[in-house]
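Printed here is upload_9.txt (compact mmCIF, C-alpha atoms):
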```
# COMPACT_ATOMS: atom_id res chain seq x y z
CA MET A 1 28.48 -26.40 24.05
CA THR A 2 26.51 -23.25 23.29
CA GLY A 3 29.06 -21.83 20.80
CA PRO A 4 28.53 -23.86 17.63
CA PRO A 5 24.67 -24.00 17.63
CA ARG A 6 24.49 -20.22 18.22
CA ARG A 7 26.92 -19.65 15.35
CA ARG A 8 24.79 -21.91 13.13
CA ARG A 9 21.66 -19.96 14.11
CA ARG A 10 23.30 -16.64 13.33
CA ARG A 11 24.54 -17.63 9.88
CA PRO A 12 21.12 -17.45 8.14
CA ILE A 13 20.51 -14.04 9.74
CA LEU A 14 23.89 -12.82 8.47
CA VAL A 15 23.21 -14.18 4.96
CA ALA A 16 19.72 -12.62 4.99
CA SER A 17 21.09 -9.26 6.15
CA LEU A 18 23.79 -9.25 3.46
CA SER A 19 21.23 -10.22 0.80
CA LEU A 20 18.90 -7.45 1.97
CA SER A 21 21.78 -4.94 1.88
CA LEU A 22 22.74 -6.12 -1.61
CA LEU A 23 19.21 -5.70 -2.91
CA THR A 24 18.66 -2.37 -1.14
CA ALA A 25 21.84 -0.96 -2.66
CA GLY A 26 20.60 -2.35 -5.97
CA CYS A 27 21.74 -2.05 -9.54
CA PHE A 28 20.40 0.57 -11.91
CA THR A 29 21.27 2.48 -15.06
CA ILE A 30 20.50 6.09 -15.88
CA PRO A 31 21.52 6.95 -19.43
CA THR A 32 21.74 10.54 -20.65
CA TYR A 33 21.36 10.96 -24.39
CA ALA A 34 19.54 13.25 -26.78
CA PRO A 35 16.00 12.50 -27.95
CA TYR A 36 15.93 11.08 -31.48
CA GLY A 37 16.30 13.70 -34.18
CA GLU A 38 17.07 16.58 -31.85
CA SER A 39 20.26 18.52 -31.46
CA VAL A 40 20.95 19.15 -27.78
CA LYS A 41 24.06 20.91 -26.53
CA LEU A 42 25.52 20.12 -23.13
CA LEU A 43 25.68 23.11 -20.81
CA PRO A 44 28.78 23.96 -18.77
CA PRO A 45 28.48 24.41 -15.01
CA GLY A 46 27.46 27.87 -13.90
CA GLN A 47 25.75 28.79 -17.16
CA PRO A 48 22.21 30.02 -16.46
CA ALA A 49 19.35 27.66 -17.22
CA GLN A 50 15.74 28.76 -17.57
CA VAL A 51 14.29 25.30 -16.97
CA ARG A 52 14.99 23.07 -13.96
CA ARG A 53 13.18 19.77 -13.52
CA VAL A 54 13.84 17.61 -10.48
CA TYR A 55 12.18 14.23 -10.47
CA ARG A 56 12.57 10.70 -9.14
CA THR A 57 12.85 7.71 -11.40
CA TRP A 58 11.87 4.40 -9.81
CA PHE A 59 13.25 0.90 -10.09
CA ILE A 60 11.91 -2.35 -8.71
CA LEU A 61 13.52 -5.63 -7.60
CA GLY A 62 16.84 -4.08 -6.69
CA GLY A 63 16.97 -2.03 -9.87
CA LEU A 64 16.43 -4.93 -12.27
CA PHE A 65 13.37 -3.31 -13.82
CA PRO A 66 12.53 0.39 -14.22
CA LEU A 67 9.06 1.22 -12.90
CA ASP A 68 8.44 4.47 -14.74
CA ASN A 69 11.48 4.60 -17.06
CA THR A 70 11.58 8.41 -17.08
CA MET A 71 15.04 9.18 -18.35
CA PRO A 72 16.58 12.61 -19.05
CA ALA A 73 15.92 12.29 -22.81
CA GLU A 74 12.20 12.23 -22.11
CA ILE A 75 12.38 15.41 -20.00
CA ILE A 76 14.55 17.11 -22.64
CA ALA A 77 11.95 16.24 -25.29
CA GLN A 78 9.00 17.32 -23.09
CA GLU A 79 10.62 20.64 -22.24
CA LYS A 80 11.92 21.10 -25.79
CA LEU A 81 15.40 21.86 -24.51
CA THR A 82 18.18 22.68 -26.93
CA GLU A 83 20.81 22.98 -24.18
CA ALA A 84 20.90 20.82 -21.08
CA ARG A 85 22.97 19.50 -18.23
CA VAL A 86 22.01 16.55 -16.08
CA ILE A 87 22.76 15.68 -12.47
CA VAL A 88 22.18 12.12 -11.32
CA GLN A 89 21.74 12.23 -7.57
CA ASP A 90 21.21 9.58 -4.99
CA THR A 91 19.96 11.72 -2.16
CA VAL A 92 19.56 10.96 1.52
CA GLU A 93 15.80 10.96 0.90
CA ASP A 94 16.24 8.34 -1.85
CA ALA A 95 18.29 6.17 0.52
CA GLY A 96 15.68 6.64 3.27
CA ILE A 97 12.82 5.76 0.94
CA ALA A 98 14.65 2.66 -0.35
CA ALA A 99 15.49 1.50 3.18
CA ALA A 100 12.01 2.21 4.56
CA LEU A 101 10.19 0.56 1.65
CA THR A 102 12.49 -2.47 1.80
CA PHE A 103 11.92 -2.74 5.53
CA ILE A 104 8.11 -2.46 5.20
CA LEU A 105 7.60 -4.31 1.94
CA PRO A 106 10.63 -6.20 0.64
CA ILE A 107 10.10 -5.73 -3.10
CA PHE A 108 13.26 -3.61 -3.29
CA ILE A 109 11.96 -0.39 -4.78
CA LEU A 110 14.78 2.07 -5.51
CA PRO A 111 14.25 5.74 -6.30
CA GLN A 112 16.91 7.92 -7.93
CA THR A 113 16.73 11.68 -8.17
CA VAL A 114 17.56 13.22 -11.53
CA VAL A 115 17.95 16.95 -12.16
CA VAL A 116 17.66 18.24 -15.71
CA GLU A 117 18.53 21.90 -16.29
CA GLY A 118 18.51 23.63 -19.63
CA ASN A 119 17.33 26.22 -22.07
CA ARG A 120 14.75 26.16 -24.82
CA ALA A 121 15.45 27.39 -28.30
CA PRO A 122 15.50 31.17 -28.52
CA VAL A 123 12.12 32.43 -29.76
CA ASP A 124 13.07 34.54 -32.73
CA SER A 125 12.74 34.34 -36.47
CA LYS A 126 16.23 32.89 -36.87
CA ALA A 127 15.60 30.03 -34.44
CA LYS A 128 15.59 26.57 -35.91
CA PRO A 129 12.19 24.84 -35.75
CA ILE A 130 12.02 22.10 -33.14
CA VAL A 131 12.06 18.69 -34.80
CA ALA A 132 9.10 16.56 -33.81
CA ASP A 133 9.88 13.48 -31.77
CA PRO A 134 9.53 10.49 -34.15
CA ARG A 135 8.02 8.47 -31.31
CA GLY A 136 5.09 10.87 -31.23
CA GLN A 137 5.66 12.24 -27.72
CA MET B 1 10.32 -11.97 10.45
CA LYS B 2 11.02 -14.57 13.08
CA GLU B 3 14.10 -15.90 14.70
CA GLY B 4 15.05 -19.53 14.85
CA GLY B 5 13.56 -19.84 18.32
CA GLY B 6 10.12 -18.84 17.02
CA GLY B 7 10.04 -15.41 18.70
CA VAL B 8 9.56 -12.12 16.93
CA ILE B 9 12.80 -10.19 16.20
CA ARG B 10 13.54 -7.78 19.04
CA PRO B 11 12.99 -4.06 18.35
CA TRP B 12 16.68 -3.16 18.62
CA ARG B 13 17.51 -5.80 16.04
CA ARG B 14 14.85 -4.34 13.73
CA THR B 15 16.48 -0.94 14.20
CA ILE B 16 19.91 -2.37 13.34
CA VAL B 17 18.49 -4.00 10.20
CA ALA B 18 16.79 -0.71 9.19
CA LEU B 19 19.99 1.26 9.77
CA GLY B 20 21.97 -1.37 7.85
CA LEU B 21 19.59 -1.02 4.90
CA LEU B 22 19.90 2.77 5.04
CA LEU B 23 23.71 2.54 4.97
CA ALA B 24 23.61 0.01 2.15
CA ALA B 25 21.42 2.27 0.04
CA GLY B 26 24.08 5.03 0.08
CA CYS B 27 24.08 8.28 -1.91
CA GLY B 28 26.21 10.05 -4.52
CA THR B 29 25.95 12.66 -7.25
CA VAL B 30 27.29 12.61 -10.81
CA HIS B 31 27.32 15.82 -12.88
CA ILE B 32 26.92 15.53 -16.65
CA GLU B 33 28.23 18.80 -18.04
CA VAL B 34 30.90 20.21 -20.35
CA PRO B 35 33.93 22.43 -19.76
CA PRO B 36 33.20 26.12 -20.32
CA GLY B 37 34.01 27.20 -23.87
CA HIS B 38 33.49 23.74 -25.37
CA THR B 39 30.61 23.01 -27.73
CA VAL B 40 29.45 19.46 -27.14
CA THR B 41 26.23 17.94 -28.36
CA MET B 42 24.50 14.87 -26.99
CA LEU B 43 24.42 11.68 -29.03
CA ASP B 44 21.14 9.86 -29.24
CA GLN B 45 20.71 6.32 -27.98
CA ASP B 46 21.80 4.58 -31.18
CA GLN B 47 24.41 6.84 -32.76
CA PRO B 48 27.85 5.25 -33.02
CA ALA B 49 30.62 6.40 -30.69
CA SER B 50 34.33 5.85 -31.27
CA VAL B 51 35.46 6.56 -27.70
CA ARG B 52 34.28 4.76 -24.59
CA ILE B 53 35.53 5.73 -21.14
CA GLU B 54 34.42 3.68 -18.18
CA ARG B 55 35.50 4.67 -14.71
CA HIS B 56 34.43 4.34 -11.12
CA VAL B 57 33.53 7.27 -8.92
CA TRP B 58 34.14 6.76 -5.23
CA PHE B 59 32.37 8.62 -2.47
CA ALA B 60 33.03 8.82 1.25
CA LEU B 61 30.44 9.51 3.94
CA TRP B 62 27.83 7.45 2.06
CA GLY B 63 28.01 9.66 -0.99
CA GLY B 64 28.36 12.98 0.82
CA GLU B 65 31.96 13.58 -0.22
CA PRO B 66 33.25 12.60 -3.68
CA LEU B 67 36.72 11.04 -3.49
CA SER B 68 37.22 10.96 -7.26
CA ASP B 69 36.04 13.23 -10.05
CA ASN B 70 32.24 13.03 -10.15
CA SER B 71 31.86 15.23 -13.23
CA THR B 72 32.28 14.56 -16.95
CA LEU B 73 34.25 17.79 -17.50
CA ALA B 74 37.77 16.30 -17.46
CA ASP B 75 36.89 13.29 -19.63
CA ILE B 76 35.36 15.51 -22.31
CA ARG B 77 38.34 17.87 -22.20
CA GLU B 78 41.02 15.14 -22.25
CA HIS B 79 39.48 13.20 -25.13
CA HIS B 80 38.43 16.33 -27.08
CA LEU B 81 34.89 15.02 -27.36
CA THR B 82 32.35 17.03 -29.31
CA GLN B 83 29.53 14.49 -29.10
CA VAL B 84 28.75 12.45 -26.01
CA ARG B 85 26.26 10.32 -24.18
CA VAL B 86 26.74 9.43 -20.54
CA ILE B 87 25.48 6.46 -18.61
CA VAL B 88 25.50 6.42 -14.82
CA VAL B 89 25.40 2.86 -13.59
CA GLN B 90 25.34 1.11 -10.30
CA GLY B 91 26.33 -2.25 -11.66
CA PHE B 92 26.44 -5.67 -10.10
CA TRP B 93 30.06 -5.37 -8.92
CA ASP B 94 29.46 -1.85 -7.61
CA THR B 95 26.65 -3.27 -5.52
CA VAL B 96 28.69 -6.22 -4.27
CA ILE B 97 31.59 -3.93 -3.31
CA ASN B 98 29.24 -1.34 -1.77
CA THR B 99 27.64 -4.02 0.38
CA VAL B 100 30.95 -4.35 2.21
CA THR B 101 32.44 -0.84 1.90
CA CYS B 102 29.23 1.02 2.81
CA TYR B 103 29.73 -0.02 6.43
CA PHE B 104 32.93 2.08 6.34
CA SER B 105 31.03 4.92 4.56
CA PHE B 106 32.54 4.30 1.10
CA VAL B 107 30.31 3.77 -1.94
CA ARG B 108 31.07 3.74 -5.64
CA ARG B 109 29.32 4.25 -8.95
CA THR B 110 30.35 3.59 -12.53
CA VAL B 111 30.25 6.33 -15.14
CA ILE B 112 30.42 5.43 -18.83
CA ILE B 113 31.11 8.21 -21.31
CA GLU B 114 30.72 7.41 -24.98
CA GLY B 115 31.46 9.96 -27.65
CA ASN B 116 33.26 11.19 -30.72
CA PRO B 117 36.19 13.60 -30.80
CA GLY B 118 35.92 16.72 -32.94
```

Using the file provided, produce a representation of the structure as structure tokens.
Amino acid sequence: MTGPPRRRRRRPILVASLSLSLLTAGCFTIPTYAPYGESVKLLPPGQPAQVRRVYRTWFILGGLFPLDNTMPAEIIAQEKLTEARVIVQDTVEDAGIAAALTFILPIFILPQTVVVEGNRAPVDSKAKPIVADPRGQ
Amino acid sequence: MKEGGGGVIRPWRRTIVALGLLLAAGCGTVHIEVPPGHTVTMLDQDQPASVRIERHVWFALWGGEPLSDNSTLADIREHHLTQVRVIVVQGFWDTVINTVTCYFSFVRRTVIIEGNPG
């Protein structure tokens, strides 16, 4: 007699847990492209890089909307890089933050760690001038 | 959060939910780089690309160990690309699949490489 009602009671918990897992895992997109009007070469692994920026980009509602929308192109433009490589990481800290924030406040905030490494244009008379970002940044 | 009986969820169940969320979140790293000796420039957001490669990258141990190639090196070399842009996506189907496979430590991502051969 106790079997079926208990199973019925557990079903919503199972559905809720799966939904929570789905939203915590989330969907997101991190595109890597050059800033408008700039020529940026991709760096091979192992080649030295003078600039290294590690940052987190944030998404809300399971990744449906970017919170800060800081993508590698923005960092490349800020740092005036002419050579770059990008590492998109989902670190243990990111997973911990997503799980903890979802557990405390279920608005499904997802962080992603992005590493941008690169070099600026060589500072000499032959160096090409850096083209201004048409978006004014 | 309350159970059907009206009581507060027991602490061990909260812990299981928290651990479940942590496993579901998963990890994983994708390297966007070129093979040594190749000169490849990045395309901007709107420039046309004639080649589009879309593949899934699988990880074991919740992202700790890549099971498939998690770098763009081979794709750029195979397709002789001289211009690329790369999009790392955790799409809807990745998420649905991860929701099940993450409990066995496997997670996946989608990498899209768009570019033009030289």

Using all atoms listed in the file, which residue out of A:Tyr55, A:Val86, A:Glu38, A:Pro66 lies closest to chain B?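 Nearest to chain B: A:Val86.
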
Give me, as a PDB file with C-alpha atoms, in the coordinates of the input, all polymer residues having an atom no more than 9 Å from Thr70 in chain A, counting only C-alpha atoms and skipping those fewer than 2 positions away in the same chain.
```
ATOM      1  CA  TYR A  55      12.180  14.230 -10.470  1.00  0.00           C
ATOM      2  CA  ARG A  56      12.570  10.700  -9.140  1.00  0.00           C
ATOM      3  CA  THR A  57      12.850   7.710 -11.400  1.00  0.00           C
ATOM      4  CA  TRP A  58      11.870   4.400  -9.810  1.00  0.00           C
ATOM      5  CA  PRO A  66      12.530   0.390 -14.220  1.00  0.00           C
ATOM      6  CA  LEU A  67       9.060   1.220 -12.900  1.00  0.00           C
ATOM      7  CA  ASP A  68       8.440   4.470 -14.740  1.00  0.00           C
ATOM      8  CA  PRO A  72      16.580  12.610 -19.050  1.00  0.00           C
ATOM      9  CA  ALA A  73      15.920  12.290 -22.810  1.00  0.00           C
ATOM     10  CA  GLU A  74      12.200  12.230 -22.110  1.00  0.00           C
ATOM     11  CA  ILE A  75      12.380  15.410 -20.000  1.00  0.00           C
TER      12      ILE A  75
END
```

Just need the residues of chain B within 6 Å of chain A, counting only C-alpha atoms, so spit them out as a PyMOL selection string. chain B and resi 21-22+24-36+40-45+85-92+99

Dump C-alpha atoms for the selected residues as an mmCIF file, keeping the file's coordinate frame?
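The resulting file, part06.cif, is reproduced below:
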```
data_model
loop_
_atom_site.group_PDB
_atom_site.id
_atom_site.type_symbol
_atom_site.label_atom_id
_atom_site.label_comp_id
_atom_site.auth_asym_id
_atom_site.auth_seq_id
_atom_site.Cartn_x
_atom_site.Cartn_y
_atom_site.Cartn_z
ATOM 1 C CA LEU B 21 19.590 -1.020 4.900
ATOM 2 C CA LEU B 22 19.900 2.770 5.040
ATOM 3 C CA ALA B 24 23.610 0.010 2.150
ATOM 4 C CA ALA B 25 21.420 2.270 0.040
ATOM 5 C CA GLY B 26 24.080 5.030 0.080
ATOM 6 C CA CYS B 27 24.080 8.280 -1.910
ATOM 7 C CA GLY B 28 26.210 10.050 -4.520
ATOM 8 C CA THR B 29 25.950 12.660 -7.250
ATOM 9 C CA VAL B 30 27.290 12.610 -10.810
ATOM 10 C CA HIS B 31 27.320 15.820 -12.880
ATOM 11 C CA ILE B 32 26.920 15.530 -16.650
ATOM 12 C CA GLU B 33 28.230 18.800 -18.040
ATOM 13 C CA VAL B 34 30.900 20.210 -20.350
ATOM 14 C CA PRO B 35 33.930 22.430 -19.760
ATOM 15 C CA PRO B 36 33.200 26.120 -20.320
ATOM 16 C CA VAL B 40 29.450 19.460 -27.140
ATOM 17 C CA THR B 41 26.230 17.940 -28.360
ATOM 18 C CA MET B 42 24.500 14.870 -26.990
ATOM 19 C CA LEU B 43 24.420 11.680 -29.030
ATOM 20 C CA ASP B 44 21.140 9.860 -29.240
ATOM 21 C CA GLN B 45 20.710 6.320 -27.980
ATOM 22 C CA ARG B 85 26.260 10.320 -24.180
ATOM 23 C CA VAL B 86 26.740 9.430 -20.540
ATOM 24 C CA ILE B 87 25.480 6.460 -18.610
ATOM 25 C CA VAL B 88 25.500 6.420 -14.820
ATOM 26 C CA VAL B 89 25.400 2.860 -13.590
ATOM 27 C CA GLN B 90 25.340 1.110 -10.300
ATOM 28 C CA GLY B 91 26.330 -2.250 -11.660
ATOM 29 C CA PHE B 92 26.440 -5.670 -10.100
ATOM 30 C CA THR B 99 27.640 -4.020 0.380
#
```

If we count only C-alpha atoms, what is near Leu61 in chain A at a cut-off of 6 Å, once residues fewer than 2 positions away on the same chain are taken out, given as a list of chain:residue names? A:Gly63, A:Leu64, A:Ile107, A:Phe108

In terms of the shortest atom-to-atom distance over all atoms listed in the file, which of B:Gln47, B:Ser68, B:Thr110, B:Thr82 is closest to Ile97 in chain B? B:Thr110

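CA of Ile76 in chain A to CA of Val84 in chain B spans 15.3 Å [interatomic distance, one decimal].
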
Give the answer as one residue: which of B:Arg109, B:Arg52, B:His80, B:His38 has the shortest atom-to-atom distance to Leu67 in chain B, using only C-alpha atoms?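 Distance minimum relative to Leu67 in chain B lands on B:Arg109.
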
Between A:Phe65, A:Glu79, A:Leu105, A:Met71, which residue has the minimum interatomic distance to Val51 in chain A, considering all atoms listed in the file?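 Of all the options, A:Glu79 lies closest to Val51 in chain A.
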
Hey, can you check how far CA of Arg55 in chain B sits from CA of Arg53 in chain A?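 Going from CA of Arg55 in chain B over to CA of Arg53 in chain A, I get 27.0 Å.
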
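Across the structure, CA of Thr95 in chain B and CA of Glu65 in chain B are spaced 18.4 Å apart.
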